[in-house]
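The next block holds one structure in the form of structure tokens; read it before the comments.
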Amino acid sequence: MMGDKTTASVTVGDAQGVFVKPKDRTKLEAVSFIYSENTDLSIIQDKTQTEKYPTVISIPKEAFEKAANIDNITLFTSVFRFPNFTKDAKNSTVLNNEVYSIDMGTEITNLTNTISFIFRSVKKPNPTETISSTDLSNLTYITSIGCGLSIFFLGVALFMHFLLRRARQSDSVHILINLFVSLVLLNLTFLTNEYVANTGNLIGCKLMAGFMHYCLLTSFTWFGLEALHLCLQLGRNSTPIKHYLTKICIAGWAPAAVVVTVVFCLQKYNQLVIHADDGKDVKMCWITDSAVHYVVNIGYYSVIFVFTFTTFVIMLRWIFLLKGTAANRREPLASSGKRTTTGTSDALTVMGLCSTLGLTWGFAFFAYGALRIPSYYIFTILNSFQGFFLFIYYYKTSKFVGDQMTSEKTSTTTEATSVENPYEKPK
């Protein structure tokens, strides 16, 4: 099979193998094989460098000598690696679920220098990744429906913005639309993530993980930019910023690409397995290094959350102050038959503001210990309605209805709704 070659590599599906045939049966030497995600399974000539690799397999010279003493055989050795080996009934994880096979063409016994396997940096299963099958099924079902609803309502809002709009939009609406685009992409990638992970395509899985991570980071960034814009809107006497919208868009989309590129180069994207207590696993493409996840995602969102929550408190105070100021005008408006705000309208405005600033994502902070599962449910349910609340918020603040009214009715409606948020003031 190997002819005059001394080495040969074989790949069958996910399995990899290397064959070695000594050139001279009278001059036999030990052979070492190494494996890593960067090098795959290969032979290493410099034995002093084996400590740099997580997996090392060494075939001693004595093994070749014993095989050479047997007549009528072709002297060779082969090493195969089989990844993702099937787990047992207890869902056990041993040596990264990898199986290695060594064949020398004959049976060899009583070695003084034995064949050695060295495994370094063996990944230990994380107990927090195990969840009951019932909770996993429920959360998956809720998440799928929630992502579908968010995509639908955000898609309607984008349709209204790009196809039905006629008048020039304010910067506030443009920033909101950028947030919509980011969230639509995030929901789409989340819905297709498991499918890509189940294909077994490692490169495709890494690309999917990187793109979903990019969409997540841009969503966090646009939450923060929404809060920044609200603060700037409150300062009505502030100096106008040149190319304001262009700078905001660059800040919203560019930095996340740099972070994802760095994480991708560090080989931190891969297939992540969520274990259920009944032995059924759910695969997804995501960050496999928990330290990177906590620093890049949780750490970044923590900074965003502090800023957006502070802005939310300021906005609530601003809303209630304006409503107090407008209290004296409610009676004349009601007696003239003109529309005034209601408690339901105020609640929708507040929920829309929470969704716009991404405050519902804050429940991820409580996903530890006894609060882990309840926080998962609260987080999943609230974010399932995020698209709906954002759509209502966009509808109320973009003056879509007002474009079709007379100037008198528009000014009256604006006067009533301006009590609720600052989006009525285009820049």
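Residue numbering restarts at 1 in every chain; chains get A, B, ... in the order shown in the structure tokens, and ligands count up from 1 in that same order.
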Show which residues sit within 12 Å of Gly204 in chain A, as a PyMOL selection string. Count only C-alpha atoms, and ignore same-chain residues fewer than 2 positions away. chain A and resi 192-202+206-211+269-271+284-286
Export of the given selection (N, CA, C and O atoms) as an mmCIF file, in the first residue's frame:
```cif
data_model
loop_
_atom_site.group_PDB
_atom_site.id
_atom_site.type_symbol
_atom_site.label_atom_id
_atom_site.label_comp_id
_atom_site.auth_asym_id
_atom_site.auth_seq_id
_atom_site.Cartn_x
_atom_site.Cartn_y
_atom_site.Cartn_z
ATOM 1 N N THR A 192 -30.323 28.934 13.552
ATOM 2 C CA THR A 192 -29.620 28.030 12.642
ATOM 3 C C THR A 192 -28.347 27.444 13.246
ATOM 4 O O THR A 192 -27.711 26.597 12.621
ATOM 5 N N ASN A 193 -27.999 27.876 14.448
ATOM 6 C CA ASN A 193 -26.732 27.456 15.049
ATOM 7 C C ASN A 193 -26.684 25.953 15.276
ATOM 8 O O ASN A 193 -25.692 25.288 14.920
ATOM 9 N N GLU A 194 -27.727 25.389 15.878
ATOM 10 C CA GLU A 194 -27.727 23.953 16.197
ATOM 11 C C GLU A 194 -27.645 23.108 14.931
ATOM 12 O O GLU A 194 -26.982 22.062 14.912
ATOM 13 N N TYR A 195 -28.309 23.551 13.871
ATOM 14 C CA TYR A 195 -28.265 22.810 12.611
ATOM 15 C C TYR A 195 -26.838 22.740 12.076
ATOM 16 O O TYR A 195 -26.378 21.674 11.638
ATOM 17 N N VAL A 196 -26.132 23.858 12.106
ATOM 18 C CA VAL A 196 -24.743 23.885 11.638
ATOM 19 C C VAL A 196 -23.866 23.003 12.527
ATOM 20 O O VAL A 196 -23.000 22.272 12.037
ATOM 21 N N ALA A 197 -24.100 23.050 13.843
ATOM 22 C CA ALA A 197 -23.301 22.234 14.763
ATOM 23 C C ALA A 197 -23.500 20.746 14.506
ATOM 24 O O ALA A 197 -22.554 19.953 14.613
ATOM 25 N N ASN A 198 -24.711 20.341 14.156
ATOM 26 C CA ASN A 198 -24.999 18.923 13.933
ATOM 27 C C ASN A 198 -24.467 18.398 12.607
ATOM 28 O O ASN A 198 -24.435 17.180 12.402
ATOM 29 N N THR A 199 -24.074 19.288 11.707
ATOM 30 C CA THR A 199 -23.506 18.828 10.439
ATOM 31 C C THR A 199 -22.121 18.230 10.619
ATOM 32 O O THR A 199 -21.662 17.465 9.759
ATOM 33 N N GLY A 200 -21.442 18.577 11.716
ATOM 34 C CA GLY A 200 -20.099 18.053 11.947
ATOM 35 C C GLY A 200 -19.015 18.780 11.178
ATOM 36 O O GLY A 200 -17.845 18.380 11.228
ATOM 37 N N ASN A 201 -19.371 19.840 10.476
ATOM 38 C CA ASN A 201 -18.386 20.631 9.737
ATOM 39 C C ASN A 201 -17.698 21.586 10.706
ATOM 40 O O ASN A 201 -18.289 22.577 11.141
ATOM 41 N N LEU A 202 -16.446 21.303 11.042
ATOM 42 C CA LEU A 202 -15.737 22.081 12.055
ATOM 43 C C LEU A 202 -15.507 23.512 11.609
ATOM 44 O O LEU A 202 -15.703 24.455 12.389
ATOM 45 N N LYS A 206 -17.124 26.888 13.345
ATOM 46 C CA LYS A 206 -16.331 28.009 13.852
ATOM 47 C C LYS A 206 -16.786 29.331 13.235
ATOM 48 O O LYS A 206 -16.851 30.357 13.925
ATOM 49 N N LEU A 207 -17.092 29.304 11.945
ATOM 50 C CA LEU A 207 -17.573 30.521 11.291
ATOM 51 C C LEU A 207 -18.926 30.942 11.851
ATOM 52 O O LEU A 207 -19.178 32.137 12.065
ATOM 53 N N MET A 208 -19.803 29.967 12.098
ATOM 54 C CA MET A 208 -21.109 30.273 12.678
ATOM 55 C C MET A 208 -20.955 30.863 14.078
ATOM 56 O O MET A 208 -21.614 31.843 14.440
ATOM 57 N N ALA A 209 -20.070 30.255 14.886
ATOM 58 C CA ALA A 209 -19.836 30.770 16.239
ATOM 59 C C ALA A 209 -19.312 32.197 16.201
ATOM 60 O O ALA A 209 -19.741 33.058 16.981
ATOM 61 N N GLY A 210 -18.380 32.459 15.276
ATOM 62 C CA GLY A 210 -17.827 33.804 15.165
ATOM 63 C C GLY A 210 -18.863 34.825 14.732
ATOM 64 O O GLY A 210 -18.914 35.934 15.267
ATOM 65 N N PHE A 211 -19.725 34.447 13.767
ATOM 66 C CA PHE A 211 -20.725 35.396 13.285
ATOM 67 C C PHE A 211 -21.795 35.660 14.348
ATOM 68 O O PHE A 211 -22.234 36.802 14.530
ATOM 69 N N TYR A 269 -13.279 29.460 19.116
ATOM 70 C CA TYR A 269 -14.595 29.059 18.624
ATOM 71 C C TYR A 269 -14.569 27.578 18.268
ATOM 72 O O TYR A 269 -13.642 27.104 17.600
ATOM 73 N N ASN A 270 -15.582 26.858 18.712
ATOM 74 C CA ASN A 270 -15.651 25.437 18.400
ATOM 75 C C ASN A 270 -17.045 24.932 18.746
ATOM 76 O O ASN A 270 -17.941 25.703 19.091
ATOM 77 N N GLN A 271 -17.197 23.631 18.703
ATOM 78 C CA GLN A 271 -18.484 23.028 19.038
ATOM 79 C C GLN A 271 -18.610 22.884 20.552
ATOM 80 O O GLN A 271 -17.727 22.355 21.213
ATOM 81 N N MET A 284 -23.994 23.162 19.947
ATOM 82 C CA MET A 284 -24.060 24.503 19.384
ATOM 83 C C MET A 284 -22.654 25.000 19.098
ATOM 84 O O MET A 284 -21.671 24.494 19.663
ATOM 85 N N CYS A 285 -22.560 25.950 18.210
ATOM 86 C CA CYS A 285 -21.274 26.544 17.854
ATOM 87 C C CYS A 285 -21.094 27.819 18.675
ATOM 88 O O CYS A 285 -21.873 28.768 18.527
ATOM 89 N N TRP A 286 -20.074 27.827 19.521
ATOM 90 C CA TRP A 286 -19.914 28.957 20.428
ATOM 91 C C TRP A 286 -18.489 28.993 20.960
ATOM 92 O O TRP A 286 -17.622 28.220 20.542
#
```
For Phe33 in chain A, list every protein, DNA or RNA residue within 12 Å, evaluated using only C-alpha atoms, and leave out those in the same chain fewer than 6 positions away; present the list as a ChimeraX atom specification. /A:7,17-20,39-47,49-51,53-60,77-81,100,102,115-118
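Nearest to Tyr214 in chain A of all the residues A:Ser172, A:Lys283, A:Val296, A:Ile381 is A:Val296, counting only C-alpha atoms.
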Just list the residues in range 190-361 of chain A DSSP gives strand (DSSP E or B) on the backbone, as a PyMOL selection string. chain A and resi 269-276+281-287
List the spatial neighbours of Thr356 in chain A as a PDB file with N, CA, C and O atoms, in the first residue's frame - criterion: any atom at most 12 Å away, only C-alpha atoms, same-chain residues fewer than 4 positions off excluded.
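This is the output file part_10.pdb:
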```pdb
ATOM      1  N   SER A 172     -32.510  59.451  15.560  1.00  0.00           N
ATOM      2  CA  SER A 172     -33.008  58.522  16.570  1.00  0.00           C
ATOM      3  C   SER A 172     -33.574  57.261  15.937  1.00  0.00           C
ATOM      4  O   SER A 172     -33.303  56.147  16.376  1.00  0.00           O
ATOM      5  N   VAL A 173     -34.359  57.438  14.883  1.00  0.00           N
ATOM      6  CA  VAL A 173     -34.954  56.289  14.204  1.00  0.00           C
ATOM      7  C   VAL A 173     -33.888  55.479  13.480  1.00  0.00           C
ATOM      8  O   VAL A 173     -33.919  54.244  13.484  1.00  0.00           O
ATOM      9  N   ILE A 175     -30.773  55.065  14.325  1.00  0.00           N
ATOM     10  CA  ILE A 175     -30.053  54.281  15.335  1.00  0.00           C
ATOM     11  C   ILE A 175     -30.893  53.095  15.777  1.00  0.00           C
ATOM     12  O   ILE A 175     -30.383  51.972  15.943  1.00  0.00           O
ATOM     13  N   LEU A 176     -32.181  53.309  15.944  1.00  0.00           N
ATOM     14  CA  LEU A 176     -33.076  52.224  16.333  1.00  0.00           C
ATOM     15  C   LEU A 176     -33.115  51.140  15.259  1.00  0.00           C
ATOM     16  O   LEU A 176     -33.124  49.936  15.566  1.00  0.00           O
ATOM     17  N   ILE A 177     -33.108  51.524  13.996  1.00  0.00           N
ATOM     18  CA  ILE A 177     -33.128  50.560  12.899  1.00  0.00           C
ATOM     19  C   ILE A 177     -31.850  49.738  12.879  1.00  0.00           C
ATOM     20  O   ILE A 177     -31.863  48.527  12.602  1.00  0.00           O
ATOM     21  N   ASN A 178     -30.711  50.343  13.167  1.00  0.00           N
ATOM     22  CA  ASN A 178     -29.450  49.588  13.257  1.00  0.00           C
ATOM     23  C   ASN A 178     -29.521  48.533  14.341  1.00  0.00           C
ATOM     24  O   ASN A 178     -29.033  47.411  14.169  1.00  0.00           O
ATOM     25  N   LEU A 179     -30.133  48.886  15.465  1.00  0.00           N
ATOM     26  CA  LEU A 179     -30.339  47.903  16.534  1.00  0.00           C
ATOM     27  C   LEU A 179     -31.232  46.769  16.049  1.00  0.00           C
ATOM     28  O   LEU A 179     -30.973  45.592  16.339  1.00  0.00           O
ATOM     29  N   PHE A 180     -32.272  47.087  15.305  1.00  0.00           N
ATOM     30  CA  PHE A 180     -33.170  46.062  14.766  1.00  0.00           C
ATOM     31  C   PHE A 180     -32.411  45.086  13.863  1.00  0.00           C
ATOM     32  O   PHE A 180     -32.590  43.872  13.954  1.00  0.00           O
ATOM     33  N   LEU A 183     -30.261  42.737  15.944  1.00  0.00           N
ATOM     34  CA  LEU A 183     -31.048  41.737  16.667  1.00  0.00           C
ATOM     35  C   LEU A 183     -31.650  40.701  15.722  1.00  0.00           C
ATOM     36  O   LEU A 183     -31.743  39.513  16.084  1.00  0.00           O
ATOM     37  N   SER A 219     -25.108  43.887  19.123  1.00  0.00           N
ATOM     38  CA  SER A 219     -26.366  44.182  19.819  1.00  0.00           C
ATOM     39  C   SER A 219     -26.091  44.881  21.140  1.00  0.00           C
ATOM     40  O   SER A 219     -26.749  45.875  21.479  1.00  0.00           O
ATOM     41  N   PHE A 220     -25.105  44.379  21.894  1.00  0.00           N
ATOM     42  CA  PHE A 220     -24.730  45.041  23.142  1.00  0.00           C
ATOM     43  C   PHE A 220     -24.285  46.471  22.871  1.00  0.00           C
ATOM     44  O   PHE A 220     -24.636  47.405  23.615  1.00  0.00           O
ATOM     45  N   THR A 221     -23.491  46.637  21.812  1.00  0.00           N
ATOM     46  CA  THR A 221     -22.975  47.970  21.493  1.00  0.00           C
ATOM     47  C   THR A 221     -24.098  48.928  21.139  1.00  0.00           C
ATOM     48  O   THR A 221     -24.115  50.086  21.585  1.00  0.00           O
ATOM     49  N   TRP A 222     -25.081  48.457  20.364  1.00  0.00           N
ATOM     50  CA  TRP A 222     -26.191  49.338  19.987  1.00  0.00           C
ATOM     51  C   TRP A 222     -27.081  49.657  21.176  1.00  0.00           C
ATOM     52  O   TRP A 222     -27.691  50.729  21.221  1.00  0.00           O
ATOM     53  N   PHE A 223     -27.168  48.745  22.162  1.00  0.00           N
ATOM     54  CA  PHE A 223     -27.869  49.090  23.408  1.00  0.00           C
ATOM     55  C   PHE A 223     -27.208  50.303  24.054  1.00  0.00           C
ATOM     56  O   PHE A 223     -27.872  51.253  24.492  1.00  0.00           O
ATOM     57  N   GLY A 224     -25.872  50.243  24.117  1.00  0.00           N
ATOM     58  CA  GLY A 224     -25.137  51.351  24.717  1.00  0.00           C
ATOM     59  C   GLY A 224     -25.252  52.633  23.911  1.00  0.00           C
ATOM     60  O   GLY A 224     -25.363  53.729  24.479  1.00  0.00           O
ATOM     61  N   LEU A 225     -25.224  52.521  22.580  1.00  0.00           N
ATOM     62  CA  LEU A 225     -25.339  53.708  21.737  1.00  0.00           C
ATOM     63  C   LEU A 225     -26.730  54.319  21.825  1.00  0.00           C
ATOM     64  O   LEU A 225     -26.880  55.552  21.723  1.00  0.00           O
ATOM     65  N   GLU A 226     -27.753  53.480  22.007  1.00  0.00           N
ATOM     66  CA  GLU A 226     -29.105  54.006  22.233  1.00  0.00           C
ATOM     67  C   GLU A 226     -29.130  54.849  23.510  1.00  0.00           C
ATOM     68  O   GLU A 226     -29.727  55.936  23.540  1.00  0.00           O
ATOM     69  N   ALA A 227     -28.501  54.342  24.563  1.00  0.00           N
ATOM     70  CA  ALA A 227     -28.457  55.089  25.821  1.00  0.00           C
ATOM     71  C   ALA A 227     -27.689  56.393  25.648  1.00  0.00           C
ATOM     72  O   ALA A 227     -28.100  57.450  26.158  1.00  0.00           O
ATOM     73  N   LEU A 228     -26.567  56.334  24.918  1.00  0.00           N
ATOM     74  CA  LEU A 228     -25.786  57.548  24.667  1.00  0.00           C
ATOM     75  C   LEU A 228     -26.594  58.573  23.895  1.00  0.00           C
ATOM     76  O   LEU A 228     -26.581  59.774  24.219  1.00  0.00           O
ATOM     77  N   HIS A 229     -27.323  58.116  22.894  1.00  0.00           N
ATOM     78  CA  HIS A 229     -28.128  59.034  22.094  1.00  0.00           C
ATOM     79  C   HIS A 229     -29.245  59.665  22.924  1.00  0.00           C
ATOM     80  O   HIS A 229     -29.542  60.861  22.771  1.00  0.00           O
ATOM     81  N   LEU A 230     -29.857  58.895  23.790  1.00  0.00           N
ATOM     82  CA  LEU A 230     -30.894  59.448  24.667  1.00  0.00           C
ATOM     83  C   LEU A 230     -30.326  60.537  25.567  1.00  0.00           C
ATOM     84  O   LEU A 230     -30.957  61.572  25.787  1.00  0.00           O
ATOM     85  N   PHE A 305     -24.497  47.476  30.762  1.00  0.00           N
ATOM     86  CA  PHE A 305     -25.664  47.435  31.632  1.00  0.00           C
ATOM     87  C   PHE A 305     -25.654  48.583  32.639  1.00  0.00           C
ATOM     88  O   PHE A 305     -26.690  49.203  32.900  1.00  0.00           O
ATOM     89  N   THR A 308     -26.599  51.717  30.599  1.00  0.00           N
ATOM     90  CA  THR A 308     -27.982  51.723  30.129  1.00  0.00           C
ATOM     91  C   THR A 308     -28.975  51.782  31.292  1.00  0.00           C
ATOM     92  O   THR A 308     -30.013  52.444  31.184  1.00  0.00           O
ATOM     93  N   PHE A 309     -28.670  51.106  32.391  1.00  0.00           N
ATOM     94  CA  PHE A 309     -29.576  51.145  33.540  1.00  0.00           C
ATOM     95  C   PHE A 309     -29.612  52.549  34.145  1.00  0.00           C
ATOM     96  O   PHE A 309     -30.688  53.038  34.533  1.00  0.00           O
ATOM     97  N   THR A 311     -29.075  55.292  32.490  1.00  0.00           N
ATOM     98  CA  THR A 311     -29.854  56.084  31.534  1.00  0.00           C
ATOM     99  C   THR A 311     -31.342  55.816  31.683  1.00  0.00           C
ATOM    100  O   THR A 311     -32.167  56.742  31.592  1.00  0.00           O
ATOM    101  N   PHE A 312     -31.709  54.553  31.918  1.00  0.00           N
ATOM    102  CA  PHE A 312     -33.109  54.184  32.084  1.00  0.00           C
ATOM    103  C   PHE A 312     -33.725  54.903  33.290  1.00  0.00           C
ATOM    104  O   PHE A 312     -34.847  55.416  33.218  1.00  0.00           O
ATOM    105  N   LEU A 348     -46.324  50.229  27.854  1.00  0.00           N
ATOM    106  CA  LEU A 348     -45.674  49.810  26.620  1.00  0.00           C
ATOM    107  C   LEU A 348     -44.435  50.638  26.340  1.00  0.00           C
ATOM    108  O   LEU A 348     -43.416  50.137  25.845  1.00  0.00           O
ATOM    109  N   THR A 349     -44.518  51.933  26.653  1.00  0.00           N
ATOM    110  CA  THR A 349     -43.358  52.802  26.459  1.00  0.00           C
ATOM    111  C   THR A 349     -42.201  52.380  27.350  1.00  0.00           C
ATOM    112  O   THR A 349     -41.042  52.313  26.915  1.00  0.00           O
ATOM    113  N   VAL A 350     -42.511  52.082  28.598  1.00  0.00           N
ATOM    114  CA  VAL A 350     -41.464  51.671  29.534  1.00  0.00           C
ATOM    115  C   VAL A 350     -40.855  50.338  29.105  1.00  0.00           C
ATOM    116  O   VAL A 350     -39.626  50.168  29.107  1.00  0.00           O
ATOM    117  N   MET A 351     -41.699  49.364  28.711  1.00  0.00           N
ATOM    118  CA  MET A 351     -41.185  48.071  28.264  1.00  0.00           C
ATOM    119  C   MET A 351     -40.380  48.230  26.980  1.00  0.00           C
ATOM    120  O   MET A 351     -39.359  47.554  26.782  1.00  0.00           O
ATOM    121  N   GLY A 352     -40.839  49.101  26.099  1.00  0.00           N
ATOM    122  CA  GLY A 352     -40.078  49.367  24.887  1.00  0.00           C
ATOM    123  C   GLY A 352     -38.734  49.987  25.193  1.00  0.00           C
ATOM    124  O   GLY A 352     -37.725  49.657  24.568  1.00  0.00           O
ATOM    125  N   THR A 360     -33.337  43.658  29.701  1.00  0.00           N
ATOM    126  CA  THR A 360     -33.805  42.295  29.974  1.00  0.00           C
ATOM    127  C   THR A 360     -32.672  41.276  29.956  1.00  0.00           C
ATOM    128  O   THR A 360     -32.793  40.200  30.537  1.00  0.00           O
ATOM    129  N   TRP A 361     -31.574  41.621  29.305  1.00  0.00           N
ATOM    130  CA  TRP A 361     -30.414  40.725  29.284  1.00  0.00           C
ATOM    131  C   TRP A 361     -29.716  40.673  30.637  1.00  0.00           C
ATOM    132  O   TRP A 361     -28.881  39.812  30.885  1.00  0.00           O
ATOM    133  N   ASN A 383     -36.972  38.032  26.751  1.00  0.00           N
ATOM    134  CA  ASN A 383     -36.351  38.307  25.457  1.00  0.00           C
ATOM    135  C   ASN A 383     -37.171  37.776  24.294  1.00  0.00           C
ATOM    136  O   ASN A 383     -36.962  38.186  23.146  1.00  0.00           O
ATOM    137  N   PHE A 385     -40.265  38.427  23.988  1.00  0.00           N
ATOM    138  CA  PHE A 385     -41.145  39.555  23.666  1.00  0.00           C
ATOM    139  C   PHE A 385     -40.365  40.812  23.297  1.00  0.00           C
ATOM    140  O   PHE A 385     -40.967  41.874  23.089  1.00  0.00           O
ATOM    141  N   GLN A 386     -39.050  40.711  23.229  1.00  0.00           N
ATOM    142  CA  GLN A 386     -38.237  41.896  22.952  1.00  0.00           C
ATOM    143  C   GLN A 386     -38.583  42.496  21.592  1.00  0.00           C
ATOM    144  O   GLN A 386     -38.730  43.715  21.450  1.00  0.00           O
ATOM    145  N   GLY A 387     -38.719  41.638  20.582  1.00  0.00           N
ATOM    146  CA  GLY A 387     -39.049  42.138  19.254  1.00  0.00           C
ATOM    147  C   GLY A 387     -40.397  42.838  19.210  1.00  0.00           C
ATOM    148  O   GLY A 387     -40.556  43.868  18.536  1.00  0.00           O
ATOM    149  N   PHE A 388     -41.382  42.297  19.943  1.00  0.00           N
ATOM    150  CA  PHE A 388     -42.714  42.907  19.977  1.00  0.00           C
ATOM    151  C   PHE A 388     -42.662  44.293  20.615  1.00  0.00           C
ATOM    152  O   PHE A 388     -43.211  45.265  20.073  1.00  0.00           O
ATOM    153  N   PHE A 389     -42.009  44.401  21.769  1.00  0.00           N
ATOM    154  CA  PHE A 389     -41.937  45.694  22.456  1.00  0.00           C
ATOM    155  C   PHE A 389     -41.142  46.718  21.640  1.00  0.00           C
ATOM    156  O   PHE A 389     -41.481  47.904  21.621  1.00  0.00           O
ATOM    157  N   LEU A 390     -40.102  46.250  20.958  1.00  0.00           N
ATOM    158  CA  LEU A 390     -39.333  47.170  20.114  1.00  0.00           C
ATOM    159  C   LEU A 390     -40.165  47.653  18.934  1.00  0.00           C
ATOM    160  O   LEU A 390     -40.071  48.817  18.520  1.00  0.00           O
ATOM    161  N   PHE A 391     -40.988  46.767  18.382  1.00  0.00           N
ATOM    162  CA  PHE A 391     -41.865  47.165  17.290  1.00  0.00           C
ATOM    163  C   PHE A 391     -42.863  48.227  17.756  1.00  0.00           C
ATOM    164  O   PHE A 391     -43.071  49.238  17.069  1.00  0.00           O
ATOM    165  N   ILE A 392     -43.501  48.012  18.920  1.00  0.00           N
ATOM    166  CA  ILE A 392     -44.444  49.000  19.461  1.00  0.00           C
ATOM    167  C   ILE A 392     -43.733  50.314  19.732  1.00  0.00           C
ATOM    168  O   ILE A 392     -44.254  51.397  19.431  1.00  0.00           O
ATOM    169  N   TYR A 393     -42.529  50.227  20.277  1.00  0.00           N
ATOM    170  CA  TYR A 393     -41.758  51.435  20.573  1.00  0.00           C
ATOM    171  C   TYR A 393     -41.435  52.205  19.291  1.00  0.00           C
ATOM    172  O   TYR A 393     -41.554  53.434  19.234  1.00  0.00           O
ATOM    173  N   TYR A 394     -41.036  51.463  18.259  1.00  0.00           N
ATOM    174  CA  TYR A 394     -40.739  52.109  16.975  1.00  0.00           C
ATOM    175  C   TYR A 394     -41.999  52.739  16.393  1.00  0.00           C
ATOM    176  O   TYR A 394     -41.970  53.871  15.895  1.00  0.00           O
ATOM    177  N   ASN A 421     -41.229  59.919  25.696  1.00  0.00           N
ATOM    178  CA  ASN A 421     -39.819  59.690  25.415  1.00  0.00           C
ATOM    179  C   ASN A 421     -39.283  60.803  24.538  1.00  0.00           C
ATOM    180  O   ASN A 421     -40.061  61.543  23.929  1.00  0.00           O
ATOM    181  N   TYR A 423     -37.779  60.656  21.663  1.00  0.00           N
ATOM    182  CA  TYR A 423     -37.568  60.327  20.263  1.00  0.00           C
ATOM    183  C   TYR A 423     -38.362  61.212  19.313  1.00  0.00           C
ATOM    184  O   TYR A 423     -38.237  61.109  18.099  1.00  0.00           O
TER     185      TYR A 423
END
```
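A straight line drawn from CA of Lys61 in chain A to CA of Thr114 in chain A is 9.8 Å long.
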CA of Leu28 in chain A to CA of Ser101 in chain A: how many Å, to one decimal? 21.5 Å
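Compared by their closest atoms to Thr261 in chain A, and using only C-alpha atoms, the residues A:His213, A:Cys249, A:Phe379, A:Asp289 rank with A:His213 nearest.
Rounded to one decimal, CA of Trp253 in chain A and CA of Cys215 in chain A lie 9.1 Å from each other.
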Can you check which residues of range 134-322 of chain A DSSP gives as helix (DSSP H, G or I) on the backbone and send them as an MDAnalysis selection string? chainID A and resid 134:163 171:198 202:234 244:265 290:322
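Distances here use only C-alpha atoms; by that measure, the residue among A:Thr218, A:Thr106, A:Asn113, A:Thr325 closest to Val258 in chain A is A:Thr218.
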From the options A:Ala68, A:Leu185, A:Ile34, A:Leu322, which residue's atoms come nearest to Leu154 in chain A, counting only C-alpha atoms? A:Leu185
